[in-house]
file upload_14.cif (mmCIF, C-alpha atoms)
data_final
#
loop_
_atom_site.label_atom_id
_atom_site.label_comp_id
_atom_site.auth_asym_id
_atom_site.auth_seq_id
_atom_site.Cartn_x
_atom_site.Cartn_y
_atom_site.Cartn_z
CA MET A 14 97.83 99.69 94.08
CA GLY A 15 98.75 96.04 94.53
CA GLY A 16 101.94 95.26 92.69
CA MET A 17 102.25 98.70 91.18
CA GLU A 18 104.47 101.48 92.53
CA VAL A 19 104.69 105.13 91.61
CA ALA A 20 108.10 106.46 90.65
CA VAL A 21 108.72 110.16 90.20
CA GLN A 22 111.99 110.80 88.44
CA ALA A 23 113.93 113.71 86.90
CA GLU A 24 116.43 113.61 84.08
CA ALA A 25 120.02 114.20 85.21
CA MET A 26 119.27 112.06 88.32
CA THR A 27 119.72 108.23 88.67
CA GLY A 28 113.32 108.21 91.99
CA MET A 29 105.64 104.17 107.24
CA HIS A 30 102.81 103.66 104.85
CA SER A 31 101.59 102.84 108.33
CA PHE A 32 103.14 105.96 109.82
CA VAL A 33 102.16 108.24 106.98
CA ILE A 34 98.55 107.41 106.25
CA PRO A 35 97.55 108.30 109.82
CA LEU A 36 98.89 111.80 109.22
CA GLY A 37 97.43 112.19 105.78
CA ILE A 38 100.72 112.52 103.93
CA VAL A 39 99.77 110.74 100.73
CA PHE A 40 102.31 112.38 98.43
CA ALA A 41 101.48 110.77 95.10
CA LEU A 42 98.34 111.58 93.12
CA VAL A 43 97.80 108.97 90.45
CA ILE A 44 95.36 109.67 87.66
CA GLY A 45 94.81 106.73 85.34
CA ALA A 46 93.29 107.21 81.91
CA PRO A 47 90.19 105.07 81.32
CA GLN A 48 90.87 101.81 79.52
CA GLN A 49 89.26 101.25 76.16
CA ASP A 50 86.24 99.04 76.59
CA SER A 51 82.59 98.85 75.67
CA ARG A 52 81.70 102.04 77.47
CA SER A 53 80.57 104.94 75.34
CA THR A 54 82.91 107.70 74.24
CA ASP A 55 80.80 110.14 76.23
CA SER A 56 81.31 108.08 79.38
CA GLN A 57 85.07 107.98 78.88
CA ALA A 58 85.13 111.71 78.21
CA THR A 59 83.24 112.28 81.46
CA MET A 60 85.75 110.17 83.38
CA LYS A 61 88.65 112.08 81.86
CA GLN A 62 87.00 115.36 82.77
CA GLN A 63 86.44 114.18 86.34
CA ALA A 64 90.08 113.07 86.58
CA HIS A 65 91.21 116.44 85.29
CA GLU A 66 89.02 118.26 87.80
CA GLN A 67 90.35 116.05 90.61
CA TYR A 68 93.92 116.83 89.58
CA GLU A 69 93.21 120.57 89.45
CA ARG A 70 91.67 120.48 92.94
CA HIS A 71 94.71 118.65 94.24
CA LYS A 72 97.04 121.09 92.48
CA GLN A 73 95.33 124.16 93.93
CA ALA A 74 95.38 122.59 97.40
CA ALA A 75 99.10 121.80 97.02
CA ILE A 76 99.83 125.40 95.96
CA ARG A 77 97.97 126.71 99.00
CA ILE A 78 99.67 124.27 101.37
CA ASN A 79 103.14 124.91 99.94
CA ASP A 80 102.62 128.65 100.31
CA LEU A 81 101.61 128.24 103.94
CA ALA A 82 104.58 125.92 104.59
CA GLY A 83 106.88 128.71 103.42
CA ARG A 84 105.54 131.39 105.77
CA ILE A 85 104.82 129.74 109.12
CA SER A 86 105.11 132.37 111.83
CA SER A 87 103.11 130.80 114.65
CA GLU A 88 101.97 127.44 115.93
CA ALA A 89 98.50 128.36 114.69
CA ASP A 90 99.92 128.56 111.15
CA ALA A 91 101.49 125.13 111.59
CA SER A 92 98.19 123.74 112.86
CA ILE A 93 96.40 125.05 109.77
CA LEU A 94 99.11 123.49 107.59
CA VAL A 95 98.74 120.05 109.17
CA SER A 96 94.93 120.27 109.21
CA ASP A 97 94.87 121.23 105.52
CA ILE A 98 96.91 118.14 104.64
CA VAL A 99 94.71 115.94 106.83
CA GLY A 100 91.62 117.49 105.23
CA LEU A 101 92.93 116.81 101.76
CA PHE A 102 92.98 113.08 102.53
CA ALA A 103 90.17 112.88 105.07
CA LYS A 104 88.55 109.88 103.37
CA GLU A 105 91.74 107.81 103.68
CA LEU A 106 92.41 108.62 107.33
CA PRO A 107 91.49 106.24 110.15
CA PRO A 108 89.53 108.40 112.62
CA ALA A 109 91.83 107.59 115.56
CA TRP A 110 94.91 108.80 113.70
CA ALA A 111 93.20 111.98 112.52
CA SER A 112 92.73 113.02 116.14
CA GLY A 113 93.41 116.57 117.25
CA SER A 114 96.10 115.48 119.69
CA ILE A 115 98.23 113.88 116.98
CA ARG A 116 97.76 116.83 114.63
CA GLN A 117 98.68 119.21 117.46
CA ARG A 118 101.90 117.38 118.26
CA VAL A 119 102.99 117.33 114.63
CA ALA A 120 102.07 121.00 114.25
CA HIS A 121 104.06 121.88 117.37
CA ALA A 122 107.12 120.06 116.06
CA GLU A 123 106.72 121.74 112.67
CA TYR A 124 106.53 125.21 114.20
CA GLU A 125 109.46 124.63 116.54
CA ALA A 126 111.61 123.44 113.63
CA VAL A 127 110.78 126.56 111.63
CA ARG A 128 111.27 128.85 114.61
CA ASN A 129 114.62 127.42 115.68
CA LEU A 130 116.84 125.21 113.53
CA VAL A 131 118.28 123.69 116.70
CA THR A 132 114.97 121.87 117.16
CA LEU A 133 115.04 120.16 113.77
CA ILE A 134 114.43 116.43 113.97
CA PRO A 135 117.89 114.85 113.55
CA GLU A 136 118.27 112.45 110.65
CA GLN A 137 119.84 110.07 113.16
CA ARG A 138 116.58 109.96 115.13
CA ILE A 139 114.65 109.08 111.99
CA VAL A 140 117.19 106.36 111.24
CA ASP A 141 116.93 104.98 114.77
CA VAL A 142 113.12 104.94 114.75
CA TRP A 143 112.94 103.33 111.33
CA ASN A 144 115.57 100.71 112.06
CA GLN A 145 113.79 99.81 115.28
CA TYR A 146 110.56 99.37 113.29
CA VAL A 147 112.36 97.16 110.76
CA LYS A 148 113.79 94.94 113.48
CA GLU A 149 110.55 94.62 115.44
CA ILE A 150 108.46 93.59 112.44
CA GLY A 151 111.19 91.20 111.29
CA ALA A 152 111.91 92.85 107.94
CA PRO A 153 115.13 91.81 106.13
CA ASP A 154 118.41 93.62 106.72
CA GLU A 155 118.04 95.33 103.35
CA ALA A 156 115.55 97.66 105.02
CA ILE A 157 118.07 98.92 107.60
CA VAL A 158 119.12 102.47 106.70
CA SER A 159 121.96 104.87 107.45
CA VAL A 160 122.08 108.63 107.90
CA ALA A 161 123.96 109.02 104.62
CA GLU A 162 121.20 107.17 102.76
CA ILE A 163 118.47 109.25 104.37
CA HIS A 164 120.29 112.48 103.54
CA ASN A 165 120.81 111.48 99.90
CA MET A 166 117.12 110.56 99.62
CA ARG A 167 116.12 113.97 100.96
CA ASP A 168 118.61 115.74 98.71
CA GLY A 169 117.13 113.93 95.73
CA SER A 170 113.52 114.66 96.70
CA PHE A 171 114.19 118.35 97.29
CA THR A 172 116.19 118.68 94.08
CA LEU A 173 113.31 117.08 92.17
CA ALA A 174 110.83 119.44 93.83
CA GLN A 175 112.93 122.43 92.81
CA LEU A 176 112.87 121.19 89.21
CA MET A 177 109.21 120.24 88.98
CA TRP A 178 107.36 122.91 90.97
CA PRO A 179 108.34 125.89 88.75
CA ARG A 180 107.45 123.82 85.69
CA GLY A 181 103.84 123.49 86.82
CA ASN A 182 104.00 119.99 88.30
CA GLN A 183 102.53 121.14 91.60
CA THR A 184 101.30 118.36 93.85
CA ILE A 185 101.75 117.34 97.46
CA TRP A 186 104.59 115.21 96.12
CA THR A 187 106.60 118.13 94.72
CA MET A 188 106.16 120.85 97.36
CA PRO A 189 109.58 122.46 97.98
CA ASN A 190 108.67 124.47 101.07
CA VAL A 191 108.33 121.55 103.49
CA TYR A 192 112.09 120.89 103.57
CA ALA A 193 114.49 122.16 106.20
CA LEU A 194 117.39 123.93 104.48
CA GLY A 195 120.86 124.92 105.58
CA SER A 196 122.65 128.20 104.89
CA ASP A 197 123.93 126.71 101.62
CA GLY A 198 120.39 126.22 100.31
CA LYS A 199 120.64 122.43 100.50
CA VAL A 200 118.67 120.16 102.77
CA ALA A 201 119.83 120.46 106.37
CA ASP A 202 121.04 117.55 108.49
CA GLY A 203 117.76 117.72 110.40
CA CYS A 204 114.12 117.69 109.30
CA ARG A 205 110.96 119.64 109.84
CA ALA A 206 108.06 117.47 111.00
CA LEU A 207 106.47 117.06 107.58
CA ASP A 208 109.90 116.53 106.04
CA ALA A 209 110.52 113.69 108.51
CA ILE A 210 107.15 112.12 107.74
CA ARG A 211 107.97 112.30 104.04
CA VAL A 212 111.15 110.29 104.68
CA ILE A 213 109.22 107.59 106.55
CA HIS A 214 106.69 107.50 103.74
CA ASP A 215 109.38 106.89 101.15
CA LEU A 216 111.04 104.17 103.19
CA ASP A 217 107.79 102.31 103.68
CA ASP A 218 105.83 102.96 100.51
CA LEU A 219 108.45 103.89 97.89
CA PHE A 220 111.31 101.60 98.82
CA GLN A 221 112.84 102.06 95.37
CA ASN A 222 113.76 105.60 96.46
CA LEU A 223 116.05 104.12 99.11
CA ARG A 224 117.56 101.78 96.55
CA GLY A 225 118.13 104.77 94.29
CA ALA A 226 119.91 106.66 97.06
CA ARG A 227 122.12 103.67 97.77
CA ASP A 228 123.05 103.43 94.11
CA ARG A 229 123.91 107.14 94.00
CA LEU A 230 126.05 106.85 97.11
CA ARG A 231 127.99 103.97 95.57
CA LYS A 232 128.64 106.15 92.53
CA GLY A 233 129.42 109.26 94.57
CA ILE A 234 126.44 111.16 93.17
CA VAL A 235 124.75 113.99 95.08
CA PRO A 236 121.60 115.00 93.14
CA SER A 237 121.79 118.71 93.98
CA GLU A 238 125.41 118.85 92.84
CA GLU A 239 124.66 116.86 89.69
CA ILE A 240 121.87 119.23 88.71
CA LYS A 241 124.09 122.23 89.40
CA LYS A 242 126.62 120.93 86.88
CA HIS A 243 124.00 120.81 84.17
CA VAL A 244 122.39 124.13 85.05
CA GLY A 245 125.83 125.76 85.00
CA ASP A 246 126.39 124.61 81.41
CA PRO A 247 124.77 127.13 79.01
CA ASN A 248 124.61 124.44 76.32
CA ALA A 249 122.91 121.89 78.52
CA GLN A 250 119.18 121.31 78.36
CA VAL A 251 117.89 120.07 81.71
CA HIS A 252 114.34 118.87 81.52
CA GLY A 253 112.31 117.45 84.36
CA ALA A 254 110.34 114.33 83.61
CA VAL A 255 107.59 112.87 85.75
CA ARG A 256 106.22 109.52 84.78
CA LEU A 257 104.45 106.53 86.24
CA GLU A 258 106.34 103.28 86.22
CA ALA A 259 104.60 99.93 86.61
CA HIS A 260 106.74 97.12 87.94
CA ALA A 261 106.67 94.23 90.35
CA ASP A 262 106.43 95.33 93.97
CA THR A 263 109.64 94.07 95.62
CA ASN A 264 109.23 96.22 98.73
CA PRO A 265 110.56 94.06 101.60
CA ILE A 266 108.56 95.96 104.21
CA ARG A 267 105.02 95.00 103.21
CA PRO A 268 105.34 91.22 103.74
CA ALA A 269 106.99 91.80 107.12
CA GLU A 270 104.18 94.12 108.21
CA GLN A 271 101.53 91.64 107.16
CA ARG A 272 103.33 88.78 108.91
CA TYR A 273 103.69 90.81 112.12
CA VAL A 274 99.95 91.58 112.21
CA GLN A 275 99.08 87.94 111.55
CA GLU A 276 101.36 86.75 114.35
CA HIS A 277 100.79 89.48 116.95
CA GLY A 278 97.46 91.04 116.04
CA SER A 279 96.42 94.51 114.96
CA VAL A 280 96.30 95.85 118.52
CA ALA A 281 99.95 95.01 119.12
CA TYR A 282 100.84 96.55 115.76
CA ASP A 283 98.98 99.76 116.62
CA GLN A 284 100.78 99.89 119.97
CA LEU A 285 104.11 99.53 118.17
CA LEU A 286 103.25 102.46 115.89
CA VAL A 287 102.21 104.62 118.82
CA ARG A 288 105.48 103.87 120.62
CA LEU A 289 107.56 104.71 117.56
CA PHE A 290 105.50 107.84 116.91
CA ASP A 291 106.34 108.96 120.46
CA GLU A 292 110.03 108.42 119.73
CA LEU A 293 109.85 110.38 116.48
CA PHE A 294 107.85 113.20 118.09
CA PRO A 295 108.71 113.07 121.81
CA ARG A 296 106.28 114.56 124.29
CA GLU A 297 107.64 117.62 126.04
#
call {"tool": "encode", "arguments": {"input": "upload_14.cif", "output": "C-alpha coordinates"}}
result
Amino acid sequence: MGGMEVAVQAEAMTGMHSFVIPLGIVFALVIGAPQQDSRSTDSQATMKQQAHEQYERHKQAAIRINDLAGRISSEADASILVSDIVGLFAKELPPAWASGSIRQRVAHAEYEAVRNLVTLIPEQRIVDVWNQYVKEIGAPDEAIVSVAEIHNMRDGSFTLAQLMWPRGNQTIWTMPNVYALGSDGKVADGCRALDAIRVIHDLDDLFQNLRGARDRLRKGIVPSEEIKKHVGDPNAQVHGAVRLEAHADTNPIRPAEQRYVQEHGSVAYDQLLVRLFDELFPRE
(Lines of atoms letter the chains of each structure in order from A and count residues from 1; the text may use other names and numbers.)
(Lines give C-alpha, C1' and ligand atoms only; values in the text may rest on other atoms or scores of the structure.)
Protein backbone atom coordinates (compact mmCIF):
# COMPACT_ATOMS: atom_id res chain seq x y z
CA MET A 1 0.00 0.00 0.00
CA GLY A 2 3.02 2.26 -0.37
CA GLY A 3 2.99 4.92 2.30
CA MET A 4 -0.35 3.88 3.70
CA GLU A 5 -0.84 1.71 6.79
CA VAL A 6 -3.93 0.09 8.20
CA ALA A 7 -4.76 0.82 11.82
CA VAL A 8 -7.48 -1.07 13.64
CA GLN A 9 -8.41 0.64 16.87
CA ALA A 10 -11.04 0.40 19.62
CA GLU A 11 -12.38 3.15 21.82
CA ALA A 12 -11.21 2.90 25.44
CA MET A 13 -7.75 1.83 24.13
CA THR A 14 -4.78 4.16 23.26
CA GLY A 15 -3.88 0.10 17.36
CA MET A 16 7.75 -10.31 9.36
CA HIS A 17 5.82 -9.01 6.44
CA SER A 18 8.52 -11.31 5.14
CA PHE A 19 7.74 -13.98 7.72
CA VAL A 20 4.00 -13.66 7.47
CA ILE A 21 3.27 -13.54 3.76
CA PRO A 22 4.91 -16.94 3.27
CA LEU A 23 2.38 -18.40 5.69
CA GLY A 24 -0.59 -16.56 4.33
CA ILE A 25 -1.37 -14.58 7.45
CA VAL A 26 -2.57 -11.37 5.84
CA PHE A 27 -4.73 -10.11 8.70
CA ALA A 28 -6.11 -6.88 7.24
CA LEU A 29 -8.73 -6.80 4.49
CA VAL A 30 -8.90 -3.34 2.98
CA ILE A 31 -11.85 -2.42 0.83
CA GLY A 32 -11.56 0.99 -0.77
CA ALA A 33 -14.60 2.76 -2.18
CA PRO A 34 -14.21 3.75 -5.84
CA GLN A 35 -13.07 7.32 -6.37
CA GLN A 36 -15.36 9.68 -8.21
CA ASP A 37 -14.22 9.99 -11.78
CA SER A 38 -15.53 9.83 -15.31
CA ARG A 39 -16.67 6.24 -14.99
CA SER A 40 -20.39 5.62 -15.15
CA THR A 41 -22.53 5.26 -12.05
CA ASP A 42 -23.30 1.71 -13.13
CA SER A 43 -19.59 0.90 -13.23
CA GLN A 44 -19.04 2.30 -9.75
CA ALA A 45 -22.05 0.40 -8.45
CA THR A 46 -20.61 -2.79 -9.90
CA MET A 47 -17.27 -2.17 -8.19
CA LYS A 48 -19.01 -1.54 -4.87
CA GLN A 49 -20.99 -4.73 -5.28
CA GLN A 50 -17.83 -6.70 -6.07
CA ALA A 51 -16.10 -5.20 -3.02
CA HIS A 52 -19.06 -6.14 -0.85
CA GLU A 53 -19.06 -9.69 -2.19
CA GLN A 54 -15.30 -9.95 -1.60
CA TYR A 55 -15.76 -8.78 1.98
CA GLU A 56 -18.58 -11.26 2.59
CA ARG A 57 -16.44 -14.13 1.24
CA HIS A 58 -13.61 -13.10 3.52
CA LYS A 59 -15.99 -12.78 6.47
CA GLN A 60 -17.48 -16.24 5.97
CA ALA A 61 -13.99 -17.72 5.62
CA ALA A 62 -12.89 -15.97 8.83
CA ILE A 63 -15.93 -17.32 10.70
CA ARG A 64 -15.14 -20.84 9.51
CA ILE A 65 -11.45 -20.54 10.38
CA ASN A 66 -12.11 -19.01 13.80
CA ASP A 67 -14.55 -21.82 14.60
CA LEU A 68 -11.97 -24.43 13.65
CA ALA A 69 -9.27 -22.63 15.67
CA GLY A 70 -11.49 -22.98 18.74
CA ARG A 71 -12.00 -26.74 18.48
CA ILE A 72 -8.72 -28.29 17.37
CA SER A 73 -8.58 -31.86 18.65
CA SER A 74 -6.00 -33.40 16.33
CA GLU A 75 -3.05 -32.48 14.17
CA ALA A 76 -5.31 -33.08 11.18
CA ASP A 77 -7.58 -30.28 12.44
CA ALA A 78 -4.57 -27.99 12.77
CA SER A 79 -3.47 -28.88 9.24
CA ILE A 80 -6.89 -27.95 7.89
CA LEU A 81 -6.74 -24.67 9.82
CA VAL A 82 -3.36 -23.71 8.36
CA SER A 83 -4.33 -24.87 4.86
CA ASP A 84 -7.55 -22.84 4.99
CA ILE A 85 -5.58 -19.69 5.82
CA VAL A 86 -3.05 -20.44 3.08
CA GLY A 87 -5.89 -21.08 0.65
CA LEU A 88 -7.54 -17.80 1.52
CA PHE A 89 -4.44 -15.96 0.32
CA ALA A 90 -3.16 -18.39 -2.29
CA LYS A 91 -2.62 -15.66 -4.90
CA GLU A 92 -0.29 -13.73 -2.59
CA LEU A 93 1.83 -16.71 -1.55
CA PRO A 94 5.21 -17.45 -3.12
CA PRO A 95 5.01 -21.13 -4.12
CA ALA A 96 8.10 -22.13 -2.13
CA TRP A 97 6.66 -20.76 1.10
CA ALA A 98 3.28 -22.39 0.54
CA SER A 99 4.97 -25.79 0.59
CA GLY A 100 3.45 -28.70 2.48
CA SER A 101 6.48 -29.05 4.72
CA ILE A 102 6.17 -25.51 6.08
CA ARG A 103 2.42 -25.84 6.56
CA GLN A 104 2.94 -29.16 8.34
CA ARG A 105 5.46 -27.72 10.77
CA VAL A 106 3.23 -24.78 11.64
CA ALA A 107 0.24 -27.10 12.01
CA HIS A 108 2.23 -29.40 14.30
CA ALA A 109 3.26 -26.48 16.50
CA GLU A 110 -0.34 -25.22 16.56
CA TYR A 111 -1.70 -28.60 17.63
CA GLU A 112 0.96 -29.15 20.27
CA ALA A 113 0.24 -25.72 21.77
CA VAL A 114 -3.47 -26.50 21.99
CA ARG A 115 -2.88 -29.99 23.34
CA ASN A 116 -0.41 -28.97 26.04
CA LEU A 117 0.11 -25.41 27.29
CA VAL A 118 3.67 -26.35 28.24
CA THR A 119 4.51 -26.39 24.53
CA LEU A 120 3.35 -22.82 23.88
CA ILE A 121 5.92 -20.73 22.05
CA PRO A 122 7.47 -18.51 24.75
CA GLU A 123 7.20 -14.78 24.18
CA GLN A 124 10.92 -14.65 24.94
CA ARG A 125 11.64 -16.86 21.91
CA ILE A 126 9.66 -14.54 19.68
CA VAL A 127 11.57 -11.58 21.11
CA ASP A 128 14.90 -13.31 20.53
CA VAL A 129 14.07 -14.27 16.94
CA TRP A 130 12.76 -10.82 16.09
CA ASN A 131 15.66 -8.98 17.69
CA GLN A 132 18.11 -11.19 15.84
CA TYR A 133 16.32 -10.31 12.58
CA VAL A 134 16.48 -6.60 13.42
CA LYS A 135 20.21 -6.76 14.12
CA GLU A 136 21.07 -8.82 11.03
CA ILE A 137 19.24 -6.55 8.61
CA GLY A 138 20.69 -3.47 10.31
CA ALA A 139 17.40 -1.92 11.42
CA PRO A 140 17.57 0.89 14.02
CA ASP A 141 17.47 0.17 17.75
CA GLU A 142 13.87 1.40 17.85
CA ALA A 143 12.87 -1.95 16.37
CA ILE A 144 14.35 -3.95 19.27
CA VAL A 145 11.52 -5.31 21.42
CA SER A 146 11.01 -6.64 24.94
CA VAL A 147 8.78 -9.35 26.35
CA ALA A 148 6.65 -6.74 28.13
CA GLU A 149 6.02 -4.94 24.83
CA ILE A 150 5.11 -8.15 23.03
CA HIS A 151 2.71 -9.14 25.81
CA ASN A 152 1.00 -5.74 25.82
CA MET A 153 0.62 -5.91 22.03
CA ARG A 154 -1.02 -9.33 22.30
CA ASP A 155 -3.24 -8.19 25.16
CA GLY A 156 -4.39 -5.27 23.04
CA SER A 157 -5.01 -7.38 19.94
CA PHE A 158 -6.99 -10.00 21.84
CA THR A 159 -9.00 -7.37 23.71
CA LEU A 160 -9.85 -5.72 20.39
CA ALA A 161 -10.88 -9.09 18.92
CA GLN A 162 -13.18 -9.72 21.88
CA LEU A 163 -14.83 -6.35 21.26
CA MET A 164 -15.14 -6.53 17.49
CA TRP A 165 -16.01 -10.15 16.74
CA PRO A 166 -19.38 -10.21 18.59
CA ARG A 167 -20.27 -6.91 16.93
CA GLY A 168 -20.06 -8.45 13.47
CA ASN A 169 -16.59 -7.24 12.48
CA GLN A 170 -15.43 -10.74 11.63
CA THR A 171 -12.23 -10.90 9.61
CA ILE A 172 -8.93 -12.73 9.82
CA TRP A 173 -7.76 -9.66 11.71
CA THR A 174 -10.30 -9.99 14.54
CA MET A 175 -10.44 -13.76 15.15
CA PRO A 176 -10.36 -14.34 18.94
CA ASN A 177 -9.81 -18.10 18.88
CA VAL A 178 -6.20 -18.05 17.66
CA TYR A 179 -4.86 -16.71 20.97
CA ALA A 180 -3.38 -18.79 23.77
CA LEU A 181 -5.14 -17.93 27.03
CA GLY A 182 -4.30 -18.45 30.67
CA SER A 183 -6.64 -19.59 33.43
CA ASP A 184 -7.60 -15.93 34.01
CA GLY A 185 -8.94 -15.61 30.47
CA LYS A 186 -6.16 -13.24 29.41
CA VAL A 187 -3.45 -13.94 26.87
CA ALA A 188 -0.92 -16.43 28.20
CA ASP A 189 2.82 -15.77 28.43
CA GLY A 190 3.30 -18.12 25.48
CA CYS A 191 1.75 -18.26 22.02
CA ARG A 192 0.09 -20.72 19.73
CA ALA A 193 1.74 -20.93 16.31
CA LEU A 194 -0.70 -18.61 14.54
CA ASP A 195 -0.63 -16.27 17.52
CA ALA A 196 3.16 -16.06 17.24
CA ILE A 197 2.96 -15.38 13.51
CA ARG A 198 0.46 -12.61 14.20
CA VAL A 199 2.99 -10.96 16.53
CA ILE A 200 5.71 -11.08 13.86
CA HIS A 201 3.27 -9.66 11.34
CA ASP A 202 2.49 -6.69 13.57
CA LEU A 203 6.14 -5.99 14.28
CA ASP A 204 7.04 -5.99 10.61
CA ASP A 205 3.96 -4.64 8.87
CA LEU A 206 2.09 -2.66 11.55
CA PHE A 207 4.94 -1.11 13.49
CA GLN A 208 2.58 1.47 14.95
CA ASN A 209 1.10 -1.34 17.06
CA LEU A 210 4.46 -1.70 18.82
CA ARG A 211 4.63 2.04 19.34
CA GLY A 212 1.14 1.91 20.80
CA ALA A 213 2.15 -0.84 23.22
CA ARG A 214 5.19 1.15 24.31
CA ASP A 215 3.02 4.18 24.97
CA ARG A 216 0.58 2.11 27.03
CA LEU A 217 3.41 0.61 29.07
CA ARG A 218 4.75 4.07 29.85
CA LYS A 219 1.29 5.04 31.08
CA GLY A 220 0.74 1.78 32.95
CA ILE A 221 -2.20 0.79 30.74
CA VAL A 222 -3.19 -2.85 30.20
CA PRO A 223 -5.92 -2.92 27.51
CA SER A 224 -7.85 -5.86 28.98
CA GLU A 225 -7.94 -4.18 32.38
CA GLU A 226 -8.91 -0.83 30.88
CA ILE A 227 -11.84 -2.36 29.02
CA LYS A 228 -12.93 -4.21 32.16
CA LYS A 229 -13.22 -0.89 34.00
CA HIS A 230 -15.60 0.45 31.39
CA VAL A 231 -17.62 -2.73 31.05
CA GLY A 232 -18.01 -2.84 34.83
CA ASP A 233 -19.59 0.63 34.83
CA PRO A 234 -23.34 0.32 34.07
CA ASN A 235 -23.39 3.94 32.90
CA ALA A 236 -20.49 3.55 30.52
CA GLN A 237 -21.02 3.06 26.82
CA VAL A 238 -18.14 1.10 25.31
CA HIS A 239 -18.22 1.08 21.56
CA GLY A 240 -15.73 -0.59 19.27
CA ALA A 241 -14.54 1.44 16.33
CA VAL A 242 -12.67 0.10 13.33
CA ARG A 243 -11.34 2.59 10.87
CA LEU A 244 -8.67 3.00 8.25
CA GLU A 245 -6.02 5.59 8.91
CA ALA A 246 -3.84 7.01 6.16
CA HIS A 247 -0.51 8.41 7.26
CA ALA A 248 3.12 8.50 6.30
CA ASP A 249 4.83 5.13 6.59
CA THR A 250 7.54 5.58 9.23
CA ASN A 251 8.12 1.86 9.70
CA PRO A 252 11.89 1.52 10.32
CA ILE A 253 11.94 -2.11 9.19
CA ARG A 254 11.13 -1.69 5.51
CA PRO A 255 14.16 0.44 4.53
CA ALA A 256 16.47 -1.94 6.41
CA GLU A 257 15.01 -4.96 4.60
CA GLN A 258 15.40 -3.30 1.23
CA ARG A 259 18.97 -2.26 2.01
CA TYR A 260 19.88 -5.79 3.16
CA VAL A 261 18.58 -7.32 -0.08
CA GLN A 262 20.44 -4.73 -2.16
CA GLU A 263 23.70 -5.39 -0.32
CA HIS A 264 23.49 -9.17 0.18
CA GLY A 265 21.05 -10.38 -2.46
CA SER A 266 17.69 -12.11 -2.30
CA VAL A 267 19.21 -15.56 -1.82
CA ALA A 268 21.01 -14.50 1.35
CA TYR A 269 17.82 -12.84 2.58
CA ASP A 270 15.80 -16.00 1.96
CA GLN A 271 18.42 -18.02 3.83
CA LEU A 272 18.16 -15.62 6.76
CA LEU A 273 14.38 -16.08 6.87
CA VAL A 274 14.69 -19.86 6.73
CA ARG A 275 17.17 -19.82 9.62
CA LEU A 276 14.94 -17.61 11.74
CA PHE A 277 11.88 -19.68 10.85
CA ASP A 278 13.76 -22.74 12.16
CA GLU A 279 14.43 -20.91 15.41
CA LEU A 280 10.80 -19.86 15.78
CA PHE A 281 9.53 -23.36 14.93
CA PRO A 282 12.39 -25.73 15.83
CA ARG A 283 12.54 -29.11 14.16
CA GLU A 284 11.94 -31.98 16.54
call {"tool": "closest_residue", "arguments": {"input": "upload_14.cif", "among": "A:Ile266, A:Leu293, A:Gln284, A:Phe171", "to": "Arg138 of chain A", "atoms": "all atoms listed in the file"}}
result
A:Leu293
call {"tool": "residues_around", "arguments": {"input": "upload_14.cif", "residues": "Ala174 of chain A", "least_positions_apart": "6", "cutoff": "8 Å", "atoms": "only C-alpha atoms", "output": "VMD selection string"}}
result
chain A and resid 186 to 189
call {"tool": "atom_distance", "arguments": {"input": "upload_14.cif", "atom1": "atom CA of Ser114 of chain A", "atom2": "atom CA of Ile210 of chain A"}}
result
16.6 Å
call {"tool": "atom_distance", "arguments": {"input": "upload_14.cif", "atom1": "atom CA of Leu133 of chain A", "atom2": "atom CA of Gly203 of chain A"}}
result
5.0 Å
call {"tool": "atom_distance", "arguments": {"input": "upload_14.cif", "atom1": "atom CA of Thr172 of chain A", "atom2": "atom CA of Leu194 of chain A"}}
result
11.7 Å
call {"tool": "residues_near_point", "arguments": {"input": "upload_14.cif", "point": "(106.9, 129.0, 103.2)", "cutoff": "10 Å", "atoms": "all atoms listed in the file", "output": "list in words"}}
result
Ile78, Asn79, Asp80, Leu81, Ala82, Gly83, Arg84, Ile85, Ser86, Val127, Pro189, Asn190, Val191 and Tyr192 of chain A
call {"tool": "residues_near_point", "arguments": {"input": "upload_14.cif", "point": "(100.0, 96.1, 111.2)", "cutoff": "7 Å", "atoms": "only C-alpha atoms", "output": "number ranges by chain"}}
result
A: 270-271, 273-274, 279, 282-283
